[in-house]
Structures are given as C-alpha cells and as structure tokens.
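J.: So here's my_file_29.pdb (PDB, C-alpha atoms, pLDDT in the B column).
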ATOM      1  CA  MET N  97      -7.608 -14.057 -27.669  1.00 89.00           C
ATOM      2  CA  ILE N  98      -4.277 -15.599 -26.732  1.00 96.00           C
ATOM      3  CA  LEU N  99      -5.573 -16.785 -23.348  1.00 96.00           C
ATOM      4  CA  ASP N 100      -8.006 -19.047 -25.185  1.00 98.00           C
ATOM      5  CA  GLN N 101      -4.994 -21.052 -26.356  1.00 98.00           C
ATOM      6  CA  PHE N 102      -4.366 -22.095 -22.750  1.00 98.00           C
ATOM      7  CA  LYS N 103      -7.859 -23.471 -22.130  1.00 98.00           C
ATOM      8  CA  LEU N 104      -8.313 -27.214 -21.635  1.00 98.00           C
ATOM      9  CA  ASP N 105     -12.111 -27.362 -21.771  1.00 98.00           C
ATOM     10  CA  GLY N 106     -13.352 -30.813 -22.722  1.00 97.00           C
ATOM     11  CA  LYS N 107      -9.953 -32.452 -22.239  1.00 98.00           C
ATOM     12  CA  ALA N 108      -9.286 -35.505 -20.063  1.00 99.00           C
ATOM     13  CA  ALA N 109      -5.981 -35.882 -18.241  1.00 99.00           C
ATOM     14  CA  ILE N 110      -4.098 -38.509 -16.254  1.00 99.00           C
ATOM     15  CA  VAL N 111      -1.676 -37.334 -13.564  1.00 99.00           C
ATOM     16  CA  THR N 112       0.465 -39.861 -11.700  1.00 98.00           C
ATOM     17  CA  GLY N 113       1.687 -39.131  -8.199  1.00 98.00           C
ATOM     18  CA  ALA N 114      -1.311 -36.850  -7.738  1.00 98.00           C
ATOM     19  CA  ALA N 115      -1.857 -37.213  -3.998  1.00 98.00           C
ATOM     20  CA  ARG N 116       0.529 -34.462  -2.950  1.00 97.00           C
ATOM     21  CA  GLY N 117       3.404 -32.225  -3.926  1.00 97.00           C
ATOM     22  CA  LEU N 118       4.161 -31.555  -7.576  1.00 98.00           C
ATOM     23  CA  GLY N 119       1.548 -33.956  -8.917  1.00 98.00           C
ATOM     24  CA  GLN N 120      -1.193 -32.463  -6.803  1.00 98.00           C
ATOM     25  CA  ALA N 121      -0.331 -28.932  -7.907  1.00 98.00           C
ATOM     26  CA  MET N 122      -0.255 -29.883 -11.585  1.00 99.00           C
ATOM     27  CA  ALA N 123      -3.511 -31.853 -11.388  1.00 99.00           C
ATOM     28  CA  VAL N 124      -5.288 -28.874  -9.817  1.00 98.00           C
ATOM     29  CA  ALA N 125      -3.826 -26.528 -12.432  1.00 99.00           C
ATOM     30  CA  LEU N 126      -5.119 -28.709 -15.276  1.00 99.00           C
ATOM     31  CA  ALA N 127      -8.560 -28.740 -13.680  1.00 99.00           C
ATOM     32  CA  GLU N 128      -8.576 -24.967 -13.237  1.00 98.00           C
ATOM     33  CA  ALA N 129      -7.742 -24.709 -16.950  1.00 98.00           C
ATOM     34  CA  GLY N 130     -10.770 -26.873 -17.778  1.00 98.00           C
ATOM     35  CA  ALA N 131      -9.651 -30.523 -17.829  1.00 99.00           C
ATOM     36  CA  ASP N 132     -11.165 -33.526 -16.078  1.00 99.00           C
ATOM     37  CA  VAL N 133      -8.422 -35.412 -14.238  1.00 99.00           C
ATOM     38  CA  ALA N 134      -7.715 -39.044 -13.343  1.00 99.00           C
ATOM     39  CA  LEU N 135      -5.701 -38.865 -10.129  1.00 99.00           C
ATOM     40  CA  VAL N 136      -3.252 -41.761  -9.867  1.00 98.00           C
ATOM     41  CA  ASP N 137      -1.462 -42.639  -6.649  1.00 98.00           C
ATOM     42  CA  LEU N 138      -1.028 -45.334  -4.014  1.00 97.00           C
ATOM     43  CA  LEU N 139      -1.773 -42.717  -1.368  1.00 98.00           C
ATOM     44  CA  PRO N 140      -5.278 -41.301  -0.869  1.00 98.00           C
ATOM     45  CA  VAL N 141      -6.074 -38.523  -3.346  1.00 98.00           C
ATOM     46  CA  ASP N 142      -9.059 -37.105  -1.457  1.00 98.00           C
ATOM     47  CA  GLU N 143      -7.532 -33.661  -0.990  1.00 98.00           C
ATOM     48  CA  THR N 144      -6.602 -33.361  -4.655  1.00 98.00           C
ATOM     49  CA  ARG N 145      -9.995 -34.683  -5.743  1.00 98.00           C
ATOM     50  CA  LYS N 146     -11.760 -32.012  -3.691  1.00 98.00           C
ATOM     51  CA  SER N 147      -9.637 -29.294  -5.280  1.00 98.00           C
ATOM     52  CA  VAL N 148     -10.339 -30.585  -8.802  1.00 98.00           C
ATOM     53  CA  GLU N 149     -14.067 -30.717  -8.100  1.00 98.00           C
ATOM     54  CA  ALA N 150     -13.961 -27.254  -6.529  1.00 98.00           C
ATOM     55  CA  ALA N 151     -12.647 -26.045  -9.893  1.00 98.00           C
ATOM     56  CA  GLY N 152     -15.810 -27.433 -11.465  1.00 98.00           C
ATOM     57  CA  ARG N 153     -14.195 -30.452 -13.119  1.00 98.00           C
ATOM     58  CA  ARG N 154     -14.626 -34.196 -12.750  1.00 98.00           C
ATOM     59  CA  ALA N 155     -12.044 -36.203 -10.812  1.00 98.00           C
ATOM     60  CA  ALA N 156     -11.440 -39.959 -10.880  1.00 98.00           C
ATOM     61  CA  ALA N 157      -9.383 -41.491  -8.075  1.00 98.00           C
ATOM     62  CA  VAL N 158      -7.202 -44.305  -9.415  1.00 98.00           C
ATOM     63  CA  SER N 159      -5.310 -46.370  -6.850  1.00 98.00           C
ATOM     64  CA  ALA N 160      -2.292 -47.847  -8.595  1.00 98.00           C
ATOM     65  CA  ASP N 161       1.134 -49.202  -7.683  1.00 98.00           C
ATOM     66  CA  LEU N 162       3.562 -48.328 -10.477  1.00 98.00           C
ATOM     67  CA  SER N 163       6.124 -50.742  -9.061  1.00 98.00           C
ATOM     68  CA  VAL N 164       4.153 -53.474 -10.826  1.00 98.00           C
ATOM     69  CA  MET N 165       3.468 -53.385 -14.552  1.00 98.00           C
ATOM     70  CA  GLU N 166      -0.140 -54.510 -14.145  1.00 98.00           C
ATOM     71  CA  ALA N 167      -0.860 -50.960 -13.005  1.00 98.00           C
ATOM     72  CA  VAL N 168      -0.340 -49.546 -16.500  1.00 98.00           C
ATOM     73  CA  PRO N 169      -3.354 -51.043 -18.314  1.00 98.00           C
ATOM     74  CA  ALA N 170      -5.456 -50.569 -15.178  1.00 98.00           C
ATOM     75  CA  ILE N 171      -4.739 -46.814 -15.147  1.00 98.00           C
ATOM     76  CA  VAL N 172      -5.630 -46.385 -18.813  1.00 98.00           C
ATOM     77  CA  LYS N 173      -8.782 -48.460 -18.402  1.00 98.00           C
ATOM     78  CA  ALA N 174      -9.888 -46.436 -15.370  1.00 98.00           C
ATOM     79  CA  ALA N 175      -9.356 -43.125 -17.175  1.00 98.00           C
ATOM     80  CA  LEU N 176     -11.333 -44.293 -20.210  1.00 98.00           C
ATOM     81  CA  GLU N 177     -14.152 -45.597 -18.040  1.00 98.00           C
ATOM     82  CA  ALA N 178     -14.315 -42.265 -16.213  1.00 98.00           C
ATOM     83  CA  PHE N 179     -14.013 -39.849 -19.123  1.00 98.00           C
ATOM     84  CA  GLY N 180     -14.223 -41.831 -22.363  1.00 98.00           C
ATOM     85  CA  ARG N 181     -10.963 -40.424 -23.727  1.00 98.00           C
ATOM     86  CA  ILE N 182      -7.382 -39.461 -22.855  1.00 99.00           C
ATOM     87  CA  ASP N 183      -5.928 -36.166 -24.091  1.00 99.00           C
ATOM     88  CA  ILE N 184      -3.179 -35.404 -21.582  1.00 99.00           C
ATOM     89  CA  LEU N 185      -0.768 -37.604 -19.623  1.00 99.00           C
ATOM     90  CA  VAL N 186       1.464 -36.201 -16.885  1.00 99.00           C
ATOM     91  CA  ASN N 187       4.094 -38.771 -15.891  1.00 99.00           C
ATOM     92  CA  ASN N 188       4.938 -37.288 -12.517  1.00 98.00           C
ATOM     93  CA  ALA N 189       5.218 -40.243 -10.101  1.00 98.00           C
ATOM     94  CA  GLY N 190       8.768 -40.803  -8.921  1.00 97.00           C
ATOM     95  CA  ILE N 191      10.856 -42.061  -6.031  1.00 96.00           C
ATOM     96  CA  ILE N 192      14.418 -41.522  -4.858  1.00 95.00           C
ATOM     97  CA  ARG N 193      16.968 -43.555  -2.886  1.00 96.00           C
ATOM     98  CA  ARG N 194      20.080 -42.023  -1.325  1.00 94.00           C
ATOM     99  CA  ALA N 195      23.395 -43.752  -0.585  1.00 97.00           C
ATOM    100  CA  PRO N 196      27.058 -43.412  -1.594  1.00 98.00           C
ATOM    101  CA  ILE N 197      27.908 -45.140  -4.860  1.00 98.00           C
ATOM    102  CA  LEU N 198      30.110 -47.713  -3.099  1.00 98.00           C
ATOM    103  CA  GLU N 199      27.227 -48.733  -0.842  1.00 98.00           C
ATOM    104  CA  PHE N 200      24.268 -48.499  -3.211  1.00 98.00           C
ATOM    105  CA  LYS N 201      22.000 -51.573  -3.190  1.00 98.00           C
ATOM    106  CA  GLU N 202      20.633 -53.389  -6.212  1.00 98.00           C
ATOM    107  CA  LYS N 203      17.072 -53.164  -4.876  1.00 98.00           C
ATOM    108  CA  ASP N 204      17.363 -49.384  -4.561  1.00 98.00           C
ATOM    109  CA  TRP N 205      18.532 -49.299  -8.162  1.00 98.00           C
ATOM    110  CA  ASP N 206      15.713 -51.492  -9.449  1.00 98.00           C
ATOM    111  CA  ASP N 207      12.943 -49.791  -7.451  1.00 98.00           C
ATOM    112  CA  VAL N 208      13.793 -46.332  -8.755  1.00 98.00           C
ATOM    113  CA  ILE N 209      14.322 -47.396 -12.374  1.00 98.00           C
ATOM    114  CA  GLN N 210      11.008 -49.277 -12.353  1.00 98.00           C
ATOM    115  CA  ILE N 211       8.878 -46.296 -11.315  1.00 98.00           C
ATOM    116  CA  ASN N 212      10.829 -43.352 -12.729  1.00 98.00           C
ATOM    117  CA  GLN N 213      11.753 -44.877 -16.066  1.00 98.00           C
ATOM    118  CA  LYS N 214      10.110 -48.181 -16.969  1.00 98.00           C
ATOM    119  CA  ALA N 215       6.581 -47.383 -15.779  1.00 98.00           C
ATOM    120  CA  LEU N 216       6.838 -43.929 -17.376  1.00 98.00           C
ATOM    121  CA  PHE N 217       7.695 -45.465 -20.745  1.00 98.00           C
ATOM    122  CA  PHE N 218       4.999 -48.115 -20.750  1.00 98.00           C
ATOM    123  CA  LEU N 219       2.271 -45.816 -19.433  1.00 98.00           C
ATOM    124  CA  THR N 220       3.180 -43.383 -22.202  1.00 98.00           C
ATOM    125  CA  GLN N 221       2.991 -46.223 -24.708  1.00 98.00           C
ATOM    126  CA  ALA N 222      -0.473 -47.232 -23.512  1.00 98.00           C
ATOM    127  CA  ALA N 223      -1.860 -43.691 -23.320  1.00 98.00           C
ATOM    128  CA  ALA N 224      -0.349 -42.718 -26.675  1.00 99.00           C
ATOM    129  CA  ALA N 225      -2.000 -45.739 -28.306  1.00 98.00           C
ATOM    130  CA  VAL N 226      -5.360 -44.369 -27.138  1.00 98.00           C
ATOM    131  CA  MET N 227      -4.507 -40.887 -28.411  1.00 98.00           C
ATOM    132  CA  VAL N 228      -3.539 -42.296 -31.820  1.00 98.00           C
ATOM    133  CA  ARG N 229      -6.838 -44.185 -32.057  1.00 98.00           C
ATOM    134  CA  GLN N 230      -8.771 -41.058 -31.109  1.00 98.00           C
ATOM    135  CA  GLY N 231      -7.096 -39.218 -33.962  1.00 98.00           C
ATOM    136  CA  SER N 232      -7.129 -35.812 -32.271  1.00 98.00           C
ATOM    137  CA  GLY N 233      -3.578 -35.590 -30.978  1.00 98.00           C
ATOM    138  CA  GLY N 234      -2.569 -35.238 -27.367  1.00 98.00           C
ATOM    139  CA  LYS N 235      -0.064 -33.928 -24.857  1.00 99.00           C
ATOM    140  CA  ILE N 236       2.417 -35.955 -22.815  1.00 99.00           C
ATOM    141  CA  ILE N 237       4.381 -34.234 -20.053  1.00 99.00           C
ATOM    142  CA  ASN N 238       7.203 -36.026 -18.232  1.00 99.00           C
ATOM    143  CA  THR N 239       8.725 -34.911 -14.951  1.00 98.00           C
ATOM    144  CA  ALA N 240      12.479 -34.744 -15.401  1.00 98.00           C
ATOM    145  CA  SER N 241      14.955 -33.220 -12.924  1.00 97.00           C
ATOM    146  CA  MET N 242      18.070 -31.137 -12.489  1.00 96.00           C
ATOM    147  CA  THR N 243      19.817 -34.510 -12.631  1.00 97.00           C
ATOM    148  CA  SER N 244      18.649 -34.818 -16.222  1.00 98.00           C
ATOM    149  CA  PHE N 245      21.339 -32.161 -16.822  1.00 98.00           C
ATOM    150  CA  GLN N 246      23.766 -32.810 -13.950  1.00 97.00           C
ATOM    151  CA  GLY N 247      25.141 -35.799 -12.081  1.00 97.00           C
ATOM    152  CA  GLY N 248      24.271 -34.974  -8.495  1.00 94.00           C
ATOM    153  CA  ILE N 249      25.637 -37.019  -5.604  1.00 93.00           C
ATOM    154  CA  LEU N 250      24.393 -40.005  -3.586  1.00 95.00           C
ATOM    155  CA  ILE N 251      21.490 -40.736  -5.981  1.00 96.00           C
ATOM    156  CA  PRO N 252      22.846 -42.957  -8.787  1.00 98.00           C
ATOM    157  CA  SER N 253      19.589 -44.653  -9.760  1.00 98.00           C
ATOM    158  CA  TYR N 254      17.660 -41.383  -9.608  1.00 98.00           C
ATOM    159  CA  THR N 255      20.218 -39.653 -11.828  1.00 98.00           C
ATOM    160  CA  ALA N 256      20.161 -42.565 -14.272  1.00 98.00           C
ATOM    161  CA  SER N 257      16.369 -42.555 -14.422  1.00 98.00           C
ATOM    162  CA  LYS N 258      15.998 -38.803 -14.853  1.00 98.00           C
ATOM    163  CA  SER N 259      18.708 -38.679 -17.512  1.00 98.00           C
ATOM    164  CA  ALA N 260      16.680 -41.365 -19.280  1.00 98.00           C
ATOM    165  CA  VAL N 261      13.510 -39.281 -18.934  1.00 98.00           C
ATOM    166  CA  MET N 262      15.064 -36.446 -20.925  1.00 98.00           C
ATOM    167  CA  GLY N 263      16.283 -38.837 -23.598  1.00 98.00           C
ATOM    168  CA  LEU N 264      12.971 -40.670 -23.795  1.00 98.00           C
ATOM    169  CA  THR N 265      11.133 -37.363 -24.047  1.00 99.00           C
ATOM    170  CA  ARG N 266      13.084 -36.641 -27.224  1.00 98.00           C
ATOM    171  CA  LEU N 267      12.537 -40.103 -28.667  1.00 98.00           C
ATOM    172  CA  MET N 268       8.824 -40.080 -27.865  1.00 98.00           C
ATOM    173  CA  ALA N 269       8.468 -36.643 -29.439  1.00 98.00           C
ATOM    174  CA  ASN N 270      10.169 -37.827 -32.617  1.00 98.00           C
ATOM    175  CA  GLU N 271       7.883 -40.843 -33.011  1.00 98.00           C
ATOM    176  CA  LEU N 272       4.603 -39.346 -31.831  1.00 98.00           C
ATOM    177  CA  ALA N 273       4.729 -35.912 -33.477  1.00 98.00           C
ATOM    178  CA  PRO N 274       3.324 -37.291 -36.764  1.00 98.00           C
ATOM    179  CA  HIS N 275       0.202 -38.256 -34.779  1.00 98.00           C
ATOM    180  CA  GLY N 276      -0.238 -34.732 -33.439  1.00 98.00           C
ATOM    181  CA  ILE N 277       1.032 -35.756 -29.993  1.00 99.00           C
ATOM    182  CA  ASN N 278       3.457 -33.370 -28.301  1.00 99.00           C
ATOM    183  CA  VAL N 279       5.882 -34.830 -25.768  1.00 99.00           C
ATOM    184  CA  ASN N 280       7.856 -32.496 -23.514  1.00 99.00           C
ATOM    185  CA  ALA N 281       9.240 -32.555 -19.988  1.00 99.00           C
ATOM    186  CA  ILE N 282       9.467 -30.301 -16.963  1.00 99.00           C
ATOM    187  CA  ALA N 283      12.691 -30.347 -14.953  1.00 98.00           C
ATOM    188  CA  PRO N 284      11.884 -28.973 -11.502  1.00 98.00           C
ATOM    189  CA  GLY N 285      14.698 -27.390  -9.567  1.00 97.00           C
ATOM    190  CA  TYR N 286      15.106 -27.947  -5.852  1.00 95.00           C
ATOM    191  CA  MET N 287      11.486 -28.125  -4.704  1.00 96.00           C
ATOM    192  CA  ALA N 288      10.146 -28.229  -1.146  1.00 94.00           C
ATOM    193  CA  THR N 289       8.608 -31.720  -1.310  1.00 90.00           C
ATOM    194  CA  ASP N 290       8.947 -34.994   0.576  1.00 85.00           C
ATOM    195  CA  ASN N 291      11.743 -36.076  -1.795  1.00 80.00           C
ATOM    196  CA  THR N 292      13.950 -33.208  -0.604  1.00 88.00           C
ATOM    197  CA  LYS N 293      13.055 -33.327   3.086  1.00 88.00           C
ATOM    198  CA  ALA N 294      16.421 -34.851   4.035  1.00 86.00           C
ATOM    199  CA  LEU N 295      18.293 -32.114   2.185  1.00 88.00           C
ATOM    200  CA  ARG N 296      16.284 -29.298   3.710  1.00 94.00           C
ATOM    201  CA  GLU N 297      16.796 -30.707   7.195  1.00 94.00           C
ATOM    202  CA  ASN N 298      20.580 -30.852   6.708  1.00 93.00           C
ATOM    203  CA  PRO N 299      21.761 -27.287   7.549  1.00 93.00           C
ATOM    204  CA  GLU N 300      24.977 -27.558   5.516  1.00 93.00           C
ATOM    205  CA  ARG N 301      23.338 -28.999   2.381  1.00 91.00           C
ATOM    206  CA  ASN N 302      20.360 -26.648   2.678  1.00 95.00           C
ATOM    207  CA  ARG N 303      22.639 -23.607   2.820  1.00 95.00           C
ATOM    208  CA  ALA N 304      24.800 -24.811  -0.060  1.00 93.00           C
ATOM    209  CA  ILE N 305      21.733 -25.338  -2.249  1.00 94.00           C
ATOM    210  CA  LEU N 306      20.169 -21.974  -1.436  1.00 96.00           C
ATOM    211  CA  ASP N 307      23.476 -20.209  -2.080  1.00 96.00           C
ATOM    212  CA  ARG N 308      23.455 -21.651  -5.627  1.00 95.00           C
ATOM    213  CA  ILE N 309      19.850 -20.627  -6.486  1.00 97.00           C
ATOM    214  CA  PRO N 310      19.627 -17.051  -7.818  1.00 98.00           C
ATOM    215  CA  ALA N 311      15.981 -16.847  -6.708  1.00 98.00           C
ATOM    216  CA  GLY N 312      17.193 -17.491  -3.147  1.00 97.00           C
ATOM    217  CA  ARG N 313      14.501 -19.978  -2.191  1.00 97.00           C
ATOM    218  CA  TRP N 314      13.318 -23.547  -2.624  1.00 97.00           C
ATOM    219  CA  GLY N 315      10.691 -24.006  -5.293  1.00 98.00           C
ATOM    220  CA  LYS N 316       7.046 -24.627  -4.453  1.00 97.00           C
ATOM    221  CA  PRO N 317       4.758 -27.111  -6.207  1.00 97.00           C
ATOM    222  CA  GLU N 318       2.691 -24.151  -7.410  1.00 98.00           C
ATOM    223  CA  ASP N 319       5.712 -22.948  -9.391  1.00 98.00           C
ATOM    224  CA  LEU N 320       5.050 -25.759 -11.895  1.00 98.00           C
ATOM    225  CA  GLN N 321       1.389 -24.987 -12.525  1.00 98.00           C
ATOM    226  CA  GLY N 322       1.887 -22.449 -15.301  1.00 98.00           C
ATOM    227  CA  ILE N 323       4.336 -24.515 -17.338  1.00 98.00           C
ATOM    228  CA  CYS N 324       2.182 -27.621 -16.918  1.00 99.00           C
ATOM    229  CA  VAL N 325      -0.904 -25.887 -18.321  1.00 99.00           C
ATOM    230  CA  PHE N 326       1.169 -24.421 -21.155  1.00 98.00           C
ATOM    231  CA  LEU N 327       2.560 -27.816 -22.173  1.00 99.00           C
ATOM    232  CA  ALA N 328      -0.909 -29.397 -21.952  1.00 99.00           C
ATOM    233  CA  SER N 329      -2.563 -26.681 -24.030  1.00 98.00           C
ATOM    234  CA  PRO N 330      -2.750 -25.656 -27.708  1.00 98.00           C
ATOM    235  CA  ALA N 331      -0.327 -22.847 -26.863  1.00 98.00           C
ATOM    236  CA  SER N 332       2.524 -25.387 -27.045  1.00 98.00           C
ATOM    237  CA  ASP N 333       1.442 -27.148 -30.251  1.00 98.00           C
ATOM    238  CA  TYR N 334       4.789 -26.470 -31.973  1.00 98.00           C
ATOM    239  CA  MET N 335       6.913 -27.542 -29.014  1.00 98.00           C
ATOM    240  CA  ASN N 336       8.292 -31.073 -29.220  1.00 98.00           C
ATOM    241  CA  GLY N 337      10.944 -32.982 -27.284  1.00 98.00           C
ATOM    242  CA  TYR N 338      12.051 -30.161 -25.014  1.00 98.00           C
ATOM    243  CA  THR N 339      12.855 -30.321 -21.306  1.00 98.00           C
ATOM    244  CA  VAL N 340      12.010 -27.052 -19.554  1.00 98.00           C
ATOM    245  CA  ALA N 341      13.885 -26.252 -16.348  1.00 98.00           C
ATOM    246  CA  VAL N 342      11.867 -24.494 -13.664  1.00 98.00           C
ATOM    247  CA  ASP N 343      14.687 -24.061 -11.208  1.00 98.00           C
ATOM    248  CA  GLY N 344      14.935 -20.532  -9.842  1.00 98.00           C
ATOM    249  CA  GLY N 345      18.016 -20.040 -12.018  1.00 98.00           C
ATOM    250  CA  TRP N 346      20.017 -23.034 -10.708  1.00 97.00           C
ATOM    251  CA  LEU N 347      21.298 -24.092 -14.147  1.00 97.00           C
ATOM    252  CA  ALA N 348      22.131 -20.506 -15.104  1.00 96.00           C
ATOM    253  CA  ARG N 349      24.502 -20.086 -12.166  1.00 93.00           C
TER     254      ARG N 349
END
For the structure just supplied, provide its representation as structure tokens.
T.:
Amino acid sequence: MILDQFKLDGKAAIVTGAARGLGQAMAVALAEAGADVALVDLLPVDETRKSVEAAGRRAAAVSADLSVMEAVPAIVKAALEAFGRIDILVNNAGIIRRAPILEFKEKDWDDVIQINQKALFFLTQAAAAVMVRQGSGGKIINTASMTSFQGGILIPSYTASKSAVMGLTRLMANELAPHGINVNAIAPGYMATDNTKALRENPERNRAILDRIPAGRWGKPEDLQGICVFLASPASDYMNGYTVAVDGGWLAR
C-alpha cells in the first residue's frame, strides 16, 4: 500500500523551533506519522509536547539557544539520550531582522546568519554524523523561504541566510546521498506566523502580498505538514537536494 511509504513508525526526529508556528506543526505531523520527536526551542514546548504525546509518540523537550554553538552537541546528545538514535532532522529555527539596507546593523546581520545559516549547517553536520554511524540512512529537512528564490526588501541578512539554505541543501544532498541520507528543503510562502506579524498588520503591505498570492490567503503552519511528512518518509527516497515551495502559487504569479 502506498500509504505505508509515508509511515514513520520507529523513527526518531529532531525539530528546531518547535514551540510554535511552523516548527510546532511539523513536529506534530511527524508524530502523527509515527515518529518520536525531540522538541528544540528556547521557548517552552509544553503545548507541542502534549500534542506529540496525544498522537501516541514520545516527546523530549530540549531547551537550547542556537545563537551559541554549544547548543549543537547538546541537542544531539539530548536526542540520543531520549531515543537512542536520530533518523530525521528538521532545521526549522529561524529569526528575522527588518531595516533598510542603508541602516542595517552589523549585530542584526550576525544574529540572523548565526541561527538561520551557521547553526543549521553545524547541527546538520552533527546529526548526519550520527546517521552515518547508524548505517540506516536518514532524512534532513531545511526550512528555506521565498527569499531563497527572490531578493525581498528590508531583510538583507534573512535573504542572505535563506539563499544560503537552498545552496547548502544542494551541497549536503550531494555529499550525504552516498550514505542513504536525503537532504531537501521546504520554502514556505507568506505564512501567518510571528515572523510576518509586522507585514500582516501593515494594511498596504498585507494587501499587496495577498494580491500576489493566487490562493488569496496567507499560509497556515498546517499547510506544511504534508510536505514535511513526505520528505521525512520513504516516499521521498529518490528526492535529493530539492527546495519545495509551499506558497499558495506566489512564485507562479
């Protein structure tokens, strides 16, 4: 049965930024598909943990600050202590800073690059090393963005980091495919999350964005659940290095 190819029974996943929004939705989806999930965030993950456990799976709350590199080995260690293995990594944690290019601050550059790009790379490195030792392959899913394809405005460090995510996804796929590890990315469109609150509260920008989306609405975190399970499952075993846009048709316009 084809639906069996989407099952994640017996798998152990790590999801960063799992306390709310996109990360929460993807963590719950993985659990509903059968995976145990290590929930990584600086914020409390109690709500997500309850949803994972309600799906009949184990949840491990991992408090970690990805602005410091010491968080990377701590996350991997916590996941291994909880589940004994790592099969899936969802690099979802991300931040954004907004300012015109002529006013953009160095700290806002460094903060965004650290979490969106540097931490993503080194957490992938650490988790992939575990997957290679296990010898049974794995799935790595990065959260990219519309700005992986387009420039955007007022978000130079975010655009730089998300462009890098798409490039790194390709590089990681090239190097890790021989180990049976698939690396792909999801590029959410304009989603109704905390990161887009300022845009949604600006009537002019909100209208301009909605006018460009063929689906006529902002995306919801739940809109990423299906693609996340697909990329984490055997159904995507021959998919490597691709960034999938889930954008309501934004890029097609």
J.: For N:Tyr334, find every residue with an atom within 10 Å (counting all atoms listed in the file), except residues of its own chain fewer than 2 positions away, and show them as a tab-separated table (two decimals) with C-alpha atoms, keeping the file's coordinate frame.
T.:
chain	number	residue	atom	x	y	z
N	273	ALA	CA	4.73	-35.91	-33.48
N	276	GLY	CA	-0.24	-34.73	-33.44
N	278	ASN	CA	3.46	-33.37	-28.30
N	330	PRO	CA	-2.75	-25.66	-27.71
N	331	ALA	CA	-0.33	-22.85	-26.86
N	332	SER	CA	2.52	-25.39	-27.04
N	336	ASN	CA	8.29	-31.07	-29.22
J.: Using all atoms listed in the file, which residue out of N:Leu295, N:Ala195, N:Val342, N:Leu216 lies closest to N:Ala260?
T.: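 The answer is N:Leu216, which sits nearest to N:Ala260.
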J.: Would you kindly return, as a ChimeraX atom specification, each protein, DNA or RNA residue with an atom no farther than 7 Å from any atom of N:Gln213, considering only C-alpha atoms and excluding same-chain residues fewer than 2 positions away?
T.: /N:209-211,215-217,257,260-261
J.: Print the selection's residues with C-alpha atoms to a file, as a PDB file, in the frame of the given file.
T.:
ATOM      1  CA  ILE N 209      14.322 -47.396 -12.374  1.00 98.00           C
ATOM      2  CA  GLN N 210      11.008 -49.277 -12.353  1.00 98.00           C
ATOM      3  CA  ILE N 211       8.878 -46.296 -11.315  1.00 98.00           C
ATOM      4  CA  ALA N 215       6.581 -47.383 -15.779  1.00 98.00           C
ATOM      5  CA  LEU N 216       6.838 -43.929 -17.376  1.00 98.00           C
ATOM      6  CA  PHE N 217       7.695 -45.465 -20.745  1.00 98.00           C
ATOM      7  CA  SER N 257      16.369 -42.555 -14.422  1.00 98.00           C
ATOM      8  CA  ALA N 260      16.680 -41.365 -19.280  1.00 98.00           C
ATOM      9  CA  VAL N 261      13.510 -39.281 -18.934  1.00 98.00           C
TER      10      VAL N 261
END
J.: Do you know which residues the PyMOL selection byres ((chain N and resi 224-228) around 8) returns on this file, as a PDB file with C-alpha atoms, in the coordinates of the input?
T.:
ATOM      1  CA  ARG N 181     -10.963 -40.424 -23.727  1.00 98.00           C
ATOM      2  CA  ILE N 182      -7.382 -39.461 -22.855  1.00 99.00           C
ATOM      3  CA  ASP N 183      -5.928 -36.166 -24.091  1.00 99.00           C
ATOM      4  CA  THR N 220       3.180 -43.383 -22.202  1.00 98.00           C
ATOM      5  CA  GLN N 221       2.991 -46.223 -24.708  1.00 98.00           C
ATOM      6  CA  ALA N 222      -0.473 -47.232 -23.512  1.00 98.00           C
ATOM      7  CA  ALA N 223      -1.860 -43.691 -23.320  1.00 98.00           C
ATOM      8  CA  ARG N 229      -6.838 -44.185 -32.057  1.00 98.00           C
ATOM      9  CA  GLN N 230      -8.771 -41.058 -31.109  1.00 98.00           C
ATOM     10  CA  GLY N 231      -7.096 -39.218 -33.962  1.00 98.00           C
ATOM     11  CA  SER N 232      -7.129 -35.812 -32.271  1.00 98.00           C
ATOM     12  CA  GLY N 233      -3.578 -35.590 -30.978  1.00 98.00           C
ATOM     13  CA  GLY N 234      -2.569 -35.238 -27.367  1.00 98.00           C
ATOM     14  CA  LEU N 272       4.603 -39.346 -31.831  1.00 98.00           C
ATOM     15  CA  HIS N 275       0.202 -38.256 -34.779  1.00 98.00           C
ATOM     16  CA  ILE N 277       1.032 -35.756 -29.993  1.00 99.00           C
TER      17      ILE N 277
END
J.: Please report the interatomic distance between atom CA of N:Glu202 and atom CA of N:Ser163 in Å with one decimal.
T.: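 Atom CA of N:Ser163 lies at a distance of 15.0 Å from atom CA of N:Glu202.
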J.: My list of candidates is N:Ala109, N:Gly322, N:Ala123, N:Ala311. Which is closest to N:Ile171 when distances are computed with only C-alpha atoms?
T.: N:Ala109
